[in-house]
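S.K.: So here's query.cif, just mmCIF, C-alpha atoms and all ligand atoms:
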```
data_target
loop_
_atom_site.label_atom_id
_atom_site.label_comp_id
_atom_site.auth_asym_id
_atom_site.auth_seq_id
_atom_site.Cartn_x
_atom_site.Cartn_y
_atom_site.Cartn_z
CA MET A 59 18.54 12.10 -32.13
CA PRO A 60 16.27 10.63 -34.81
CA LYS A 61 13.03 12.52 -35.37
CA ILE A 62 9.55 11.24 -36.06
CA SER A 63 6.47 13.12 -37.21
CA VAL A 64 3.26 13.11 -35.24
CA THR A 65 0.06 15.12 -35.22
CA ILE A 66 -1.22 16.54 -31.94
CA ASP A 67 -4.47 18.49 -31.91
CA ASP A 68 -4.21 18.94 -35.71
CA LYS A 69 -0.68 20.37 -35.42
CA LYS A 70 2.09 18.55 -37.29
CA LEU A 71 5.23 18.16 -35.20
CA ASP A 72 8.69 16.65 -35.65
CA VAL A 73 9.71 15.21 -32.31
CA ASP A 74 12.47 13.10 -30.74
CA VAL A 75 11.84 9.38 -30.39
CA GLY A 76 11.78 7.79 -26.96
CA LYS A 77 9.73 10.48 -25.22
CA THR A 78 6.32 10.12 -23.67
CA ILE A 79 3.31 11.87 -25.19
CA LEU A 80 3.20 14.07 -22.09
CA GLU A 81 6.83 15.19 -22.49
CA VAL A 82 6.26 16.03 -26.15
CA CYS A 83 3.11 18.01 -25.35
CA LYS A 84 4.87 19.97 -22.60
CA GLU A 85 7.78 20.84 -24.89
CA ASN A 86 5.34 22.10 -27.49
CA GLY A 87 3.18 24.15 -25.17
CA ILE A 88 0.17 21.81 -25.33
CA GLU A 89 -1.48 21.69 -21.93
CA ILE A 90 -2.30 18.30 -20.44
CA LEU A 91 -3.87 17.97 -17.00
CA THR A 92 -1.78 15.84 -14.63
CA MET A 93 -1.78 14.97 -10.96
CA CYS A 94 0.37 11.91 -10.30
CA HIS A 95 3.08 13.01 -12.73
CA LEU A 96 6.01 14.90 -11.25
CA LYS A 97 9.19 15.65 -13.17
CA GLY A 98 12.01 13.55 -11.75
CA LEU A 99 9.81 10.64 -10.65
CA THR A 100 8.87 7.46 -12.51
CA ASP A 101 5.42 7.82 -14.08
CA VAL A 102 2.86 5.30 -12.86
CA GLY A 103 -0.34 6.38 -14.62
CA ALA A 104 -2.29 6.45 -11.36
CA CYS A 105 -4.57 9.49 -11.65
CA ARG A 106 -5.93 8.99 -15.21
CA LEU A 107 -6.14 12.73 -15.82
CA CYS A 108 -3.68 12.89 -18.69
CA LEU A 109 -5.75 10.63 -20.95
CA VAL A 110 -5.46 11.28 -24.69
CA GLU A 111 -7.18 9.90 -27.77
CA ILE A 112 -5.01 8.23 -30.38
CA GLU A 113 -6.44 7.48 -33.79
CA GLY A 114 -6.76 3.73 -34.36
CA VAL A 115 -6.61 2.93 -30.65
CA ASN A 116 -10.05 2.28 -29.22
CA LYS A 117 -9.28 3.19 -25.62
CA LEU A 118 -7.91 6.33 -24.03
CA LEU A 119 -4.26 6.09 -23.01
CA SER A 120 -2.42 8.01 -20.31
CA ALA A 121 -0.01 10.48 -21.90
CA CYS A 122 2.50 10.18 -19.03
CA THR A 123 3.11 6.46 -19.54
CA THR A 124 2.65 6.14 -23.32
CA LYS A 125 5.69 6.58 -25.55
CA ILE A 126 5.19 8.62 -28.66
CA ALA A 127 5.45 6.70 -31.94
CA ALA A 128 5.80 7.72 -35.59
CA ASN A 129 2.66 8.96 -37.34
CA MET A 130 0.54 8.98 -34.21
CA ILE A 131 -2.50 11.22 -34.50
CA ILE A 132 -3.22 12.41 -30.96
CA ARG A 133 -6.07 14.50 -29.58
CA THR A 134 -5.85 16.01 -26.12
CA LYS A 135 -8.98 18.14 -25.80
CA THR A 136 -11.97 16.24 -27.14
CA GLU A 137 -15.35 16.35 -25.44
CA LYS A 138 -14.87 12.76 -24.28
CA ILE A 139 -11.56 13.57 -22.59
CA LYS A 140 -13.01 16.65 -20.92
CA ARG A 141 -15.92 14.59 -19.64
CA TYR A 142 -13.60 12.01 -18.14
CA GLN A 143 -11.38 14.65 -16.56
CA ARG A 144 -14.36 16.25 -14.90
CA ILE A 145 -15.51 12.85 -13.57
CA THR A 146 -12.02 12.14 -12.26
CA SER A 147 -11.79 15.41 -10.39
CA GLU A 148 -15.25 14.96 -8.91
CA LEU A 149 -14.26 11.52 -7.67
CA PHE A 150 -11.15 12.92 -5.99
CA PHE A 151 -13.35 15.23 -3.95
CA ALA A 152 -16.01 12.62 -3.23
CA GLU A 153 -13.47 10.06 -2.04
CA ARG A 154 -12.04 11.94 0.95
CA ASN A 155 -12.99 14.91 3.12
CA HIS A 156 -11.85 18.12 1.50
CA VAL A 157 -12.76 21.32 3.30
CA CYS A 158 -10.82 23.93 1.36
CA SER A 159 -11.76 26.88 3.56
CA VAL A 160 -9.80 25.50 6.53
CA CYS A 161 -6.96 23.90 4.56
CA VAL A 162 -3.32 24.98 4.69
CA ALA A 163 -3.22 24.61 0.90
CA ASN A 164 -6.26 26.77 0.18
CA GLY A 165 -5.49 28.83 -2.93
CA LYS A 166 -2.27 26.96 -3.63
CA CYS A 167 -3.60 23.45 -4.04
CA ASP A 168 -3.26 21.51 -7.29
CA LEU A 169 -6.50 19.65 -6.61
CA GLN A 170 -8.38 22.92 -6.18
CA LYS A 171 -6.83 24.18 -9.44
CA LEU A 172 -7.93 20.98 -11.13
CA GLY A 173 -11.48 21.59 -9.99
CA TYR A 174 -11.45 25.02 -11.64
CA LYS A 175 -9.81 23.72 -14.83
CA THR A 176 -12.38 20.96 -15.28
CA GLU A 177 -15.17 23.46 -14.55
CA MET A 178 -16.36 21.37 -11.66
CA ASN A 179 -19.22 23.47 -10.28
CA HIS A 180 -20.74 20.63 -8.29
CA ILE A 181 -20.18 16.95 -7.53
CA ARG A 182 -22.59 14.38 -8.92
CA TYR A 183 -21.38 11.44 -6.85
CA PRO A 184 -22.26 10.65 -3.25
CA TYR A 185 -19.50 11.64 -0.84
CA LEU A 186 -17.89 8.65 0.86
CA PHE A 187 -17.04 10.58 4.05
CA PRO A 188 -14.41 8.01 5.05
CA GLU A 189 -12.99 8.09 8.55
CA CYS A 190 -9.47 9.42 8.09
CA ASN A 191 -6.62 9.92 10.53
CA VAL A 192 -4.45 12.97 10.83
CA ASP A 193 -0.92 11.90 11.74
CA THR A 194 0.75 14.68 13.70
CA SER A 195 3.43 12.49 15.28
CA HIS A 196 6.31 13.82 13.21
CA PRO A 197 8.05 16.77 14.90
CA TRP A 198 7.92 18.97 11.77
CA TYR A 199 5.32 17.62 9.37
CA VAL A 200 1.70 16.47 9.28
CA LEU A 201 0.00 13.86 7.10
CA ASP A 202 -3.74 14.43 6.80
CA HIS A 203 -5.38 11.46 5.08
CA ASN A 204 -8.55 13.49 4.59
CA ARG A 205 -6.80 15.43 1.83
CA CYS A 206 -4.82 12.66 0.16
CA ILE A 207 -5.64 11.74 -3.44
CA MET A 208 -3.40 8.65 -3.54
CA CYS A 209 -1.22 10.03 -6.34
CA THR A 210 1.79 8.31 -4.68
CA ARG A 211 4.11 11.23 -5.44
CA CYS A 212 5.26 11.14 -1.82
CA VAL A 213 5.94 7.40 -2.08
CA ARG A 214 8.06 7.83 -5.18
CA ALA A 215 9.89 10.97 -4.01
CA CYS A 216 10.84 9.23 -0.78
CA GLY A 217 11.84 5.94 -2.42
CA GLU A 218 13.38 7.08 -5.70
CA VAL A 219 14.98 10.38 -4.78
CA GLU A 220 15.67 10.22 -1.05
CA GLY A 221 16.10 6.43 -1.03
CA ALA A 222 14.45 6.18 2.38
CA HIS A 223 11.32 4.18 1.38
CA ASN A 224 9.34 5.44 4.35
CA TRP A 225 6.05 5.61 2.41
CA ASN A 226 3.95 3.01 0.70
CA VAL A 227 0.28 2.17 0.11
CA MET A 228 -1.74 -0.25 2.21
CA ASN A 229 -5.03 -2.06 1.52
CA ARG A 230 -7.05 -1.88 -1.67
CA GLY A 231 -9.96 -0.07 -3.24
CA TYR A 232 -11.53 2.71 -1.20
CA GLN A 233 -9.64 1.53 1.87
CA VAL A 234 -6.22 2.41 0.47
CA ARG A 235 -4.11 4.63 2.67
CA ILE A 236 -0.58 5.99 2.58
CA ILE A 237 1.53 4.37 5.31
CA SER A 238 4.96 4.88 6.79
CA ASP A 239 6.85 1.70 7.74
CA PHE A 240 4.43 -0.87 9.25
CA ASP A 241 1.58 1.63 9.35
CA THR A 242 3.66 3.19 12.10
CA PRO A 243 3.05 6.78 13.21
CA TRP A 244 5.27 8.95 10.99
CA GLY A 245 7.19 10.29 13.98
CA GLU A 246 8.16 6.74 14.98
CA SER A 247 9.30 5.67 11.54
CA VAL A 248 12.80 4.22 11.47
CA THR A 249 13.28 4.94 7.76
CA CYS A 250 12.18 8.60 7.48
CA THR A 251 15.14 10.99 7.32
CA SER A 252 12.94 14.10 7.75
CA CYS A 253 14.30 15.43 4.45
CA GLY A 254 10.98 17.05 3.49
CA LYS A 255 10.92 15.81 -0.12
CA CYS A 256 7.45 14.28 0.27
CA VAL A 257 6.19 17.59 1.65
CA HIS A 258 7.15 19.35 -1.56
CA ALA A 259 6.07 16.49 -3.82
CA CYS A 260 2.53 16.34 -2.42
CA PRO A 261 0.14 18.27 -4.69
CA THR A 262 -2.53 18.87 -2.04
CA GLY A 263 -2.75 19.89 1.58
CA ALA A 264 -2.25 16.26 2.66
CA ILE A 265 1.38 16.67 3.72
CA TRP A 266 2.44 19.98 5.16
CA PRO A 267 4.99 21.50 7.53
CA LYS A 268 3.69 22.31 11.01
CA ALA A 269 5.03 25.85 11.02
CA ILE A 270 2.33 27.03 8.65
CA VAL A 271 -1.13 28.49 8.99
CA GLN A 272 -4.25 28.16 6.89
CA GLY A 273 -3.74 29.16 3.24
CA GLN A 274 -0.03 29.90 3.75
CA LEU A 275 1.42 26.72 2.30
CA GLU A 276 4.29 27.25 -0.17
CA LYS A 277 5.38 24.09 -1.90
CA LYS A 278 8.10 23.73 -4.49
CA PRO A 279 7.40 20.41 -6.24
CA GLU A 280 9.84 21.38 -9.00
CA ILE A 281 12.78 20.89 -6.63
CA ILE A 282 12.37 17.11 -7.08
CA GLY A 283 13.01 17.35 -10.83
CA GLU A 284 15.81 19.89 -10.33
CA LEU A 285 17.53 17.62 -7.84
CA VAL A 286 17.33 14.64 -10.18
CA GLU A 287 18.77 16.75 -13.05
CA LYS A 288 21.64 18.03 -10.90
CA ARG A 289 22.54 14.53 -9.81
CA LYS A 290 22.75 13.48 -13.46
CA MET A 291 25.10 16.40 -14.16
CA ASN A 292 27.40 15.40 -11.32
CA LEU A 293 27.76 11.97 -12.89
CA MET B 93 -10.65 -7.33 24.11
CA LYS B 94 -7.44 -9.13 24.86
CA ASN B 95 -5.43 -9.97 21.80
CA ASN B 96 -3.15 -12.92 22.08
CA SER B 97 -0.99 -11.83 19.13
CA LEU B 98 2.65 -11.83 20.12
CA PRO B 99 4.01 -8.56 21.48
CA THR B 100 5.35 -6.83 18.39
CA ASP B 101 8.79 -5.97 19.69
CA VAL B 102 9.73 -9.35 21.06
CA GLU B 103 11.92 -11.16 18.59
CA PRO B 104 10.50 -14.54 17.68
CA ALA B 105 12.35 -17.39 19.38
CA LYS B 106 14.95 -18.97 17.13
CA THR B 107 13.95 -22.34 18.50
CA ASP B 108 10.34 -22.03 17.33
CA PRO B 109 9.97 -24.65 14.58
CA ARG B 110 7.96 -22.17 12.55
CA ILE B 111 10.79 -19.63 12.57
CA LYS B 112 13.16 -22.39 11.48
CA LEU B 113 10.78 -23.16 8.64
CA ILE B 114 10.71 -19.53 7.55
CA THR B 115 14.49 -19.22 7.85
CA ALA B 116 14.92 -22.34 5.71
CA LYS B 117 12.59 -20.84 3.09
CA ILE B 118 14.49 -17.54 3.11
CA LYS B 119 17.77 -19.40 2.60
CA LYS B 120 16.29 -21.52 -0.14
CA GLU B 121 15.19 -18.32 -1.89
CA ASN B 122 18.72 -17.00 -1.48
CA TYR B 123 17.59 -13.94 0.56
CA LYS B 124 16.05 -12.56 -2.66
CA PRO B 125 13.75 -9.64 -1.87
CA ASP B 126 11.65 -10.76 -4.86
CA ALA B 127 10.72 -13.91 -2.96
CA LEU B 128 8.80 -11.89 -0.37
CA ILE B 129 5.39 -13.25 -1.33
CA GLU B 130 6.56 -16.89 -1.25
CA ILE B 131 8.13 -16.35 2.16
CA LEU B 132 4.99 -14.65 3.48
CA HIS B 133 3.01 -17.65 2.27
CA THR B 134 5.27 -19.94 4.27
CA ALA B 135 4.78 -17.77 7.35
CA GLN B 136 1.02 -17.48 6.94
CA ASN B 137 0.74 -21.26 6.48
CA ALA B 138 2.82 -21.93 9.57
CA TYR B 139 1.13 -19.42 11.90
CA GLY B 140 -2.36 -19.20 10.45
CA TYR B 141 -1.76 -15.44 10.30
CA LEU B 142 1.20 -13.05 10.18
CA PRO B 143 2.28 -11.91 13.65
CA MET B 144 3.94 -8.47 13.62
CA ASN B 145 7.20 -9.70 15.08
CA VAL B 146 7.44 -12.38 12.39
CA LEU B 147 6.86 -9.70 9.75
CA LYS B 148 9.68 -7.68 11.26
CA PHE B 149 11.90 -10.75 11.26
CA ILE B 150 11.25 -11.31 7.53
CA THR B 151 11.69 -7.61 6.71
CA LYS B 152 15.09 -7.59 8.37
CA ALA B 153 16.25 -10.83 6.80
CA LEU B 154 15.37 -9.65 3.28
CA HIS B 155 16.60 -6.07 3.84
CA LEU B 156 13.31 -4.67 2.61
CA PRO B 157 11.68 -1.36 3.51
CA PRO B 158 9.03 -2.08 6.18
CA SER B 159 6.42 -0.16 4.22
CA ARG B 160 6.84 -2.43 1.20
CA VAL B 161 6.29 -5.56 3.28
CA TYR B 162 3.23 -4.06 4.95
CA SER B 163 1.89 -2.90 1.60
CA THR B 164 2.21 -6.42 0.17
CA VAL B 165 0.60 -8.04 3.20
CA THR B 166 -2.41 -5.71 3.16
CA PHE B 167 -2.89 -6.00 -0.61
CA TYR B 168 -3.52 -9.74 -0.76
CA HIS B 169 -6.61 -11.10 0.97
CA PHE B 170 -4.79 -14.37 1.57
CA PHE B 171 -2.65 -12.74 4.26
CA SER B 172 -4.02 -11.81 7.63
CA LEU B 173 -2.43 -9.73 10.38
CA LYS B 174 -4.65 -10.84 13.21
CA SER B 175 -5.27 -14.08 14.97
CA LYS B 176 -8.86 -14.52 15.98
CA GLY B 177 -9.96 -15.40 19.49
CA GLU B 178 -8.39 -14.71 22.88
CA HIS B 179 -6.86 -18.15 22.81
CA THR B 180 -5.87 -19.84 19.61
CA CYS B 181 -5.58 -23.47 18.81
CA LEU B 182 -3.67 -24.13 15.63
CA VAL B 183 -3.79 -27.74 14.51
CA CYS B 184 -1.14 -28.76 12.01
CA THR B 185 -2.67 -30.69 9.11
CA GLY B 186 0.56 -31.15 7.16
CA THR B 187 1.28 -34.63 5.85
CA ALA B 188 3.12 -35.97 8.89
CA CYS B 189 0.57 -34.64 11.38
CA TYR B 190 -2.32 -35.76 9.21
CA VAL B 191 -0.93 -39.30 9.11
CA LYS B 192 -0.52 -39.21 12.89
CA GLY B 193 -4.14 -38.26 13.50
CA ALA B 194 -4.61 -34.49 13.09
CA GLN B 195 -8.12 -35.13 11.81
CA LEU B 196 -9.02 -37.01 15.00
CA ILE B 197 -7.89 -34.02 17.01
CA LEU B 198 -9.99 -31.69 14.87
CA ASN B 199 -13.00 -33.99 15.20
CA GLU B 200 -12.64 -34.04 18.98
CA ILE B 201 -12.29 -30.25 19.12
CA GLU B 202 -15.41 -29.90 17.01
CA LYS B 203 -17.28 -32.31 19.27
CA GLN B 204 -16.21 -30.57 22.48
CA PHE B 205 -16.31 -26.92 21.45
CA SER B 206 -18.50 -26.94 18.30
CA LEU B 207 -15.77 -25.17 16.39
CA LYS B 208 -14.50 -25.95 12.92
CA PRO B 209 -11.17 -24.63 11.59
CA GLY B 210 -11.47 -20.91 10.87
CA GLN B 211 -14.20 -20.42 13.48
CA VAL B 212 -14.17 -18.47 16.73
CA SER B 213 -16.39 -19.19 19.71
CA ALA B 214 -19.29 -16.80 20.30
CA ASP B 215 -17.60 -15.40 23.42
CA ASN B 216 -14.37 -14.92 21.41
CA LYS B 217 -12.51 -17.08 23.94
CA LEU B 218 -11.28 -19.67 21.48
CA GLY B 219 -10.30 -19.63 17.82
CA VAL B 220 -9.48 -22.80 15.92
CA SER B 221 -7.35 -22.82 12.80
CA VAL B 222 -5.24 -25.18 10.76
CA ALA B 223 -1.75 -24.82 9.30
CA ARG B 224 -0.03 -26.68 6.52
CA CYS B 225 3.06 -28.01 8.33
CA ILE B 226 4.57 -25.93 11.09
CA GLY B 227 8.00 -27.48 10.66
CA ALA B 228 7.80 -29.89 13.59
CA CYS B 229 7.07 -33.09 11.66
CA GLY B 230 9.24 -35.18 14.00
CA LEU B 231 6.83 -34.20 16.79
CA ALA B 232 3.66 -35.08 14.90
CA PRO B 233 0.86 -34.62 15.57
CA ALA B 234 1.62 -31.03 16.57
CA VAL B 235 -0.79 -28.43 17.91
CA VAL B 236 0.10 -24.85 18.79
CA LEU B 237 -1.89 -23.50 21.69
CA ASP B 238 -1.28 -19.76 22.24
CA GLU B 239 2.24 -19.96 20.80
CA GLU B 240 3.19 -23.08 22.80
CA VAL B 241 3.94 -26.06 20.62
CA HIS B 242 2.33 -29.24 21.96
CA ALA B 243 4.10 -32.25 20.49
CA LYS B 244 2.82 -35.78 19.93
CA VAL B 245 -0.49 -34.90 21.51
CA SER B 246 -3.63 -36.96 21.86
CA SER B 247 -7.11 -35.52 21.39
CA GLU B 248 -7.84 -35.80 25.13
CA GLU B 249 -4.63 -33.99 26.11
CA ILE B 250 -5.31 -31.09 23.81
CA VAL B 251 -8.94 -30.79 24.88
CA ASN B 252 -7.79 -30.71 28.51
CA SER B 253 -5.17 -28.04 27.76
CA ILE B 254 -7.75 -25.94 25.93
CA ASN B 255 -10.19 -26.25 28.83
CA ALA B 256 -7.46 -25.13 31.23
CA LYS B 257 -6.76 -22.09 29.02
CA ILE B 258 -10.31 -20.92 28.53
CA ALA B 259 -11.23 -21.51 32.16
CA VAL B 260 -9.13 -18.50 33.22
S1 LIG A 301 -6.12 19.67 -0.21
FE1 LIG A 301 -6.79 21.16 -1.72
S2 LIG A 301 -8.78 20.43 -2.28
FE2 LIG A 301 -8.27 19.40 -0.39
S3 LIG A 301 -9.08 20.72 1.18
FE3 LIG A 301 -7.03 21.39 0.83
S4 LIG A 301 -7.24 23.02 -0.65
FE4 LIG A 301 -9.09 21.88 -0.69
S1 LIG A 302 0.04 12.32 0.68
FE1 LIG A 302 0.08 13.81 -1.00
S2 LIG A 302 1.71 13.05 -2.37
FE2 LIG A 302 1.19 11.37 -1.00
S3 LIG A 302 -0.34 10.20 -2.17
FE3 LIG A 302 -1.45 11.63 -0.84
S4 LIG A 302 -1.82 13.41 -2.12
FE4 LIG A 302 -0.22 12.23 -3.14
S1 LIG A 303 -0.44 12.17 -14.86
FE1 LIG A 303 -0.74 10.53 -16.23
S2 LIG A 303 -2.04 9.22 -15.09
FE2 LIG A 303 -1.60 10.79 -13.65
S1 LIG A 304 3.20 -31.87 9.14
FE1 LIG A 304 2.79 -31.07 11.08
S2 LIG A 304 4.67 -30.23 11.58
FE2 LIG A 304 5.07 -30.91 9.59
#
```
With the file now loaded, output its structure as structure tokens.
M.R.:
Amino acid sequence: MPKISVTIDDKKLDVDVGKTILEVCKENGIEILTMCHLKGLTDVGACRLCLVEIEGVNKLLSACTTKIAANMIIRTKTEKIKRYQRITSELFFAERNHVCSVCVANGKCDLQKLGYKTEMNHIRYPYLFPECNVDTSHPWYVLDHNRCIMCTRCVRACGEVEGAHNWNVMNRGYQVRIISDFDTPWGESVTCTSCGKCVHACPTGAIWPKAIVQGQLEKKPEIIGELVEKRKMNL
Amino acid sequence: MKNNSLPTDVEPAKTDPRIKLITAKIKKENYKPDALIEILHTAQNAYGYLPMNVLKFITKALHLPPSRVYSTVTFYHFFSLKSKGEHTCLVCTGTACYVKGAQLILNEIEKQFSLKPGQVSADNKLGVSVARCIGACGLAPAVVLDEEVHAKVSSEEIVNSINAKIAV
């Protein structure tokens, strides 16, 4: 594979063409914060956490959806980026109703981890306190909209990997919600196969199996990527 | 509040001119899932809103995931999932109906009930809306009163029918 040279955080690197900035950073041990990215799924650039600065480009670009190009000079940890990441994580918390102490994901939640990483010691934005449903109609799983960050990992895992297309997004702006079928209760969906892929793909306590108590949630989001890799090998 | 939207699980009647219109559009678009928005436009124009059972009909015909159709419908402000008013009076203002006096009907409705297209009476009994051709041009002027198509109607007839509806 042809190589190109790039500079990331003042380090010169020779990397393969055709990869995203995020892939290159991961391979080289450079940490980038992500939320909507999940290995095995198409990147959509929804969460805006993986923003990087590229010399000569006057706006921040998302590392997960931007392909690396020759001679790029990339910075991943500038003050500006850190400021934006902190704002983004505050907005996640302000947008829905997160009460970590009673959450199944407490201690194992990617959103909680993000809060620590961005040193979010308080939230400067007014909480929206939206009215959110908790859908307990599925025999095994629960979807709690209070804890959803609209990363759409569940939507993509269900559509791209399971092929069931149970999930999608309805409405716009602050009224967006994850839906199954025609905004049908999950348990009445005609497309859901109950495979559980969305449960593992979800980075928060928004989707969880019923047979779990507070703080006991074990998710394995990496199984999505592993499954996709194994399918490629079988071909 | 009573909602006169069609029951969601009843399949729309194949004889309804509006379903024929939608079916023709789907065929013209070659059953392409990409044509979803155009087909939804046709349906919204024919019904004044998108009844659930019509959405299901379109979803099935195009072999689309239900969630994708619902996502599209709720994203665009042009589409609406609810009809307003306990009783609805949809006056077709397509070319044929317009030529045959749709405007006179609308004028009479406005005179009698003080309602313009898009408005609902204060007691929510009656909602008036217009559609751009419901696919019954041969029956012009056509008015749909609570899902019943009234063909070749006069202003007086339709006012009488409305009065009969809202009296109950
Ligand atoms: S999903 Fe995460 S951030 Fe939200 S309440 Fe649960 S633990 Fe807290
Ligand atoms: S339910 Fe979970 S995976 Fe789905 S959008 Fe919400 S946070 Fe993301
Ligand atoms: S991980 Fe790149 S935008 Fe979410
Ligand atoms: S113009 Fe009214 S039905 Fe076609």
S.K.: Rounded to one decimal in Å, what is the spacing between atom CA of Pro267 of chain A and atom CA of Val227 of chain A?
M.R.: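 These atoms are spaced 21.2 Å apart.
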S.K.: Kindly compile the residues surrounding ligand LIG 301 (chain A) within 12 Å, counting all atoms listed in the file, and format them as number ranges by chain.
M.R.: A: 147-174, 201-208, 260-266, 272-275
S.K.: Given 4 Å on each side, where is the centre and what are the edge lengths in Å to one decimal of the axis-aligned box enclosing the listed atoms of ligand LIG 302 (chain A), as AutoDock Vina command-line options?
M.R.:
```
--center_x -0.1 --center_y 12.0 --center_z -1.2 --size_x 11.5 --size_y 11.6 --size_z 11.8
```
S.K.: Any idea what the distance is between atom CA of Val183 of chain B and atom CA of Val165 of chain B?
M.R.: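 Rounded to one decimal, the two atoms are 23.1 Å apart.
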S.K.: Dump as a list in words the residues of chain A that approach chain B to within 10 Å, counting only C-alpha atoms.
M.R.: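 Per the criterion, chain A yields Val213, Gly217, Ala222, His223, Asn224, Trp225, Asn226, Val227, Met228, Asn229, Arg230, Gly231, Val234, Arg235, Ile236, Ile237, Ser238, Asp239, Phe240, Asp241, Thr242, Ser247, Val248 and Thr249 of chain A.
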S.K.: So how far away is atom CA of Lys175 of chain A from atom S2 of ligand LIG 302 (chain A), in Å?
M.R.: 20.0 Å
S.K.: Do a neighbour search on Val64 of chain A at 7 Å with only C-alpha atoms, toss out local chain neighbours closer than 5 positions, and write the hits as a ChimeraX atom specification.
M.R.: /A:70-72,128-131
S.K.: Around ligand LIG 304 (chain A), out to 7 Å and counting all atoms listed in the file, which residues are there? I want them as a list of chain:residue names.
M.R.: B:Cys184, B:Thr185, B:Gly186, B:Thr187, B:Ala188, B:Cys189, B:Tyr190, B:Arg224, B:Cys225, B:Ile226, B:Gly227, B:Ala228, B:Cys229, B:Leu231, B:Ala232, B:Pro233, B:Ala234
S.K.: Smallest atom-to-atom distance to Val212 of chain B: which of B:Ile197, B:Val235, B:Val146, B:Leu182, using all atoms listed in the file?
M.R.: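 Using all atoms listed in the file, the shortest distance to Val212 of chain B belongs to B:Leu182.
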S.K.: Name the residues in contact with Thr134 of chain B at a cut-off of 12 Å, using only C-alpha atoms, excluding same-chain residues fewer than 2 positions from it; report them as a PyMOL selection string.
M.R.: chain B and resi 110-118+120-121+127-132+136-142+146-147+150+170-171+223-227
S.K.: Mind checking which residues fall within 12 Å of Lys97 of chain A, counting only C-alpha atoms, ignoring those fewer than 5 positions away in the same chain, and posting them as a list of chain:residue names?
M.R.: A:Leu80, A:Glu81, A:Lys84, A:Thr92, A:Cys122, A:Arg211, A:Arg214, A:Ala215, A:Val219, A:Ala259, A:Lys278, A:Pro279, A:Glu280, A:Ile281, A:Ile282, A:Gly283, A:Glu284, A:Leu285, A:Val286, A:Glu287
S.K.: Considering all atoms listed in the file, can you say which of A:Ile126, A:Thr210, A:Glu218, A:Tyr232 comes closest to Ala104 of chain A?
M.R.: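 That would be A:Thr210, the residue with the smallest distance to Ala104 of chain A.
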S.K.: Do you have, as JSON lines, the list of residues of chain A lying at most 8 Å from ligand LIG 303 (chain A), each with its nearest atom pair and that distance in Å to one decimal, counting only C-alpha atoms and all ligand atoms and ordered by chain then number?
M.R.:
```
{"residue": "A:Leu80", "atom": "CA", "partner": "A:LIG303", "partner_atom": "FE1", "distance": 7.9}
{"residue": "A:Leu91", "atom": "CA", "partner": "A:LIG303", "partner_atom": "S1", "distance": 7.1}
{"residue": "A:Thr92", "atom": "CA", "partner": "A:LIG303", "partner_atom": "S1", "distance": 3.9}
{"residue": "A:Met93", "atom": "CA", "partner": "A:LIG303", "partner_atom": "FE2", "distance": 5.0}
{"residue": "A:Cys94", "atom": "CA", "partner": "A:LIG303", "partner_atom": "FE2", "distance": 4.0}
{"residue": "A:His95", "atom": "CA", "partner": "A:LIG303", "partner_atom": "S1", "distance": 4.2}
{"residue": "A:Leu96", "atom": "CA", "partner": "A:LIG303", "partner_atom": "S1", "distance": 7.9}
{"residue": "A:Asp101", "atom": "CA", "partner": "A:LIG303", "partner_atom": "FE1", "distance": 7.1}
{"residue": "A:Val102", "atom": "CA", "partner": "A:LIG303", "partner_atom": "S2", "distance": 6.7}
{"residue": "A:Gly103", "atom": "CA", "partner": "A:LIG303", "partner_atom": "S2", "distance": 3.3}
{"residue": "A:Ala104", "atom": "CA", "partner": "A:LIG303", "partner_atom": "S2", "distance": 4.7}
{"residue": "A:Cys105", "atom": "CA", "partner": "A:LIG303", "partner_atom": "FE2", "distance": 3.8}
{"residue": "A:Arg106", "atom": "CA", "partner": "A:LIG303", "partner_atom": "S2", "distance": 3.9}
{"residue": "A:Leu107", "atom": "CA", "partner": "A:LIG303", "partner_atom": "FE2", "distance": 5.4}
{"residue": "A:Cys108", "atom": "CA", "partner": "A:LIG303", "partner_atom": "FE1", "distance": 4.5}
{"residue": "A:Leu109", "atom": "CA", "partner": "A:LIG303", "partner_atom": "FE1", "distance": 6.9}
{"residue": "A:Ser120", "atom": "CA", "partner": "A:LIG303", "partner_atom": "FE1", "distance": 5.1}
{"residue": "A:Ala121", "atom": "CA", "partner": "A:LIG303", "partner_atom": "FE1", "distance": 5.7}
{"residue": "A:Cys122", "atom": "CA", "partner": "A:LIG303", "partner_atom": "FE1", "distance": 4.3}
{"residue": "A:Thr123", "atom": "CA", "partner": "A:LIG303", "partner_atom": "FE1", "distance": 6.5}
{"residue": "A:Cys209", "atom": "CA", "partner": "A:LIG303", "partner_atom": "FE2", "distance": 7.4}
```
S.K.: Using all atoms listed in the file for the distances, tell me which of B:Ile258, B:Ser246, B:Phe149, B:Val102 is nearest to Ala135 of chain B.
M.R.: B:Phe149
S.K.: Compare A:Val110, A:Ile88, A:Met59, A:Ile79 by their minimum atom-to-atom distance to Thr124 of chain A, counting all atoms listed in the file, and give me the closest one.
M.R.: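 The shortest atom-to-atom distance to Thr124 of chain A comes from A:Ile79.
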S.K.: Using all atoms listed in the file, find the one residue out of B:Thr180, B:Ser247, B:Ser172, B:Asn216 that sits nearest to Leu196 of chain B.
M.R.: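 The answer is B:Ser247, which sits nearest to Leu196 of chain B.
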S.K.: Which polymer residues have any atom within 9 Å of an atom of Pro60 of chain A, counting all atoms listed in the file, with same-chain residues fewer than 4 positions away left out, as an mmCIF file with C-alpha atoms, in the coordinates of the input?
M.R.:
```cif
data_model
loop_
_atom_site.group_PDB
_atom_site.id
_atom_site.type_symbol
_atom_site.label_atom_id
_atom_site.label_comp_id
_atom_site.auth_asym_id
_atom_site.auth_seq_id
_atom_site.Cartn_x
_atom_site.Cartn_y
_atom_site.Cartn_z
ATOM 1 C CA VAL A 73 9.710 15.210 -32.310
ATOM 2 C CA ASP A 74 12.470 13.100 -30.740
ATOM 3 C CA VAL A 75 11.840 9.380 -30.390
#
```
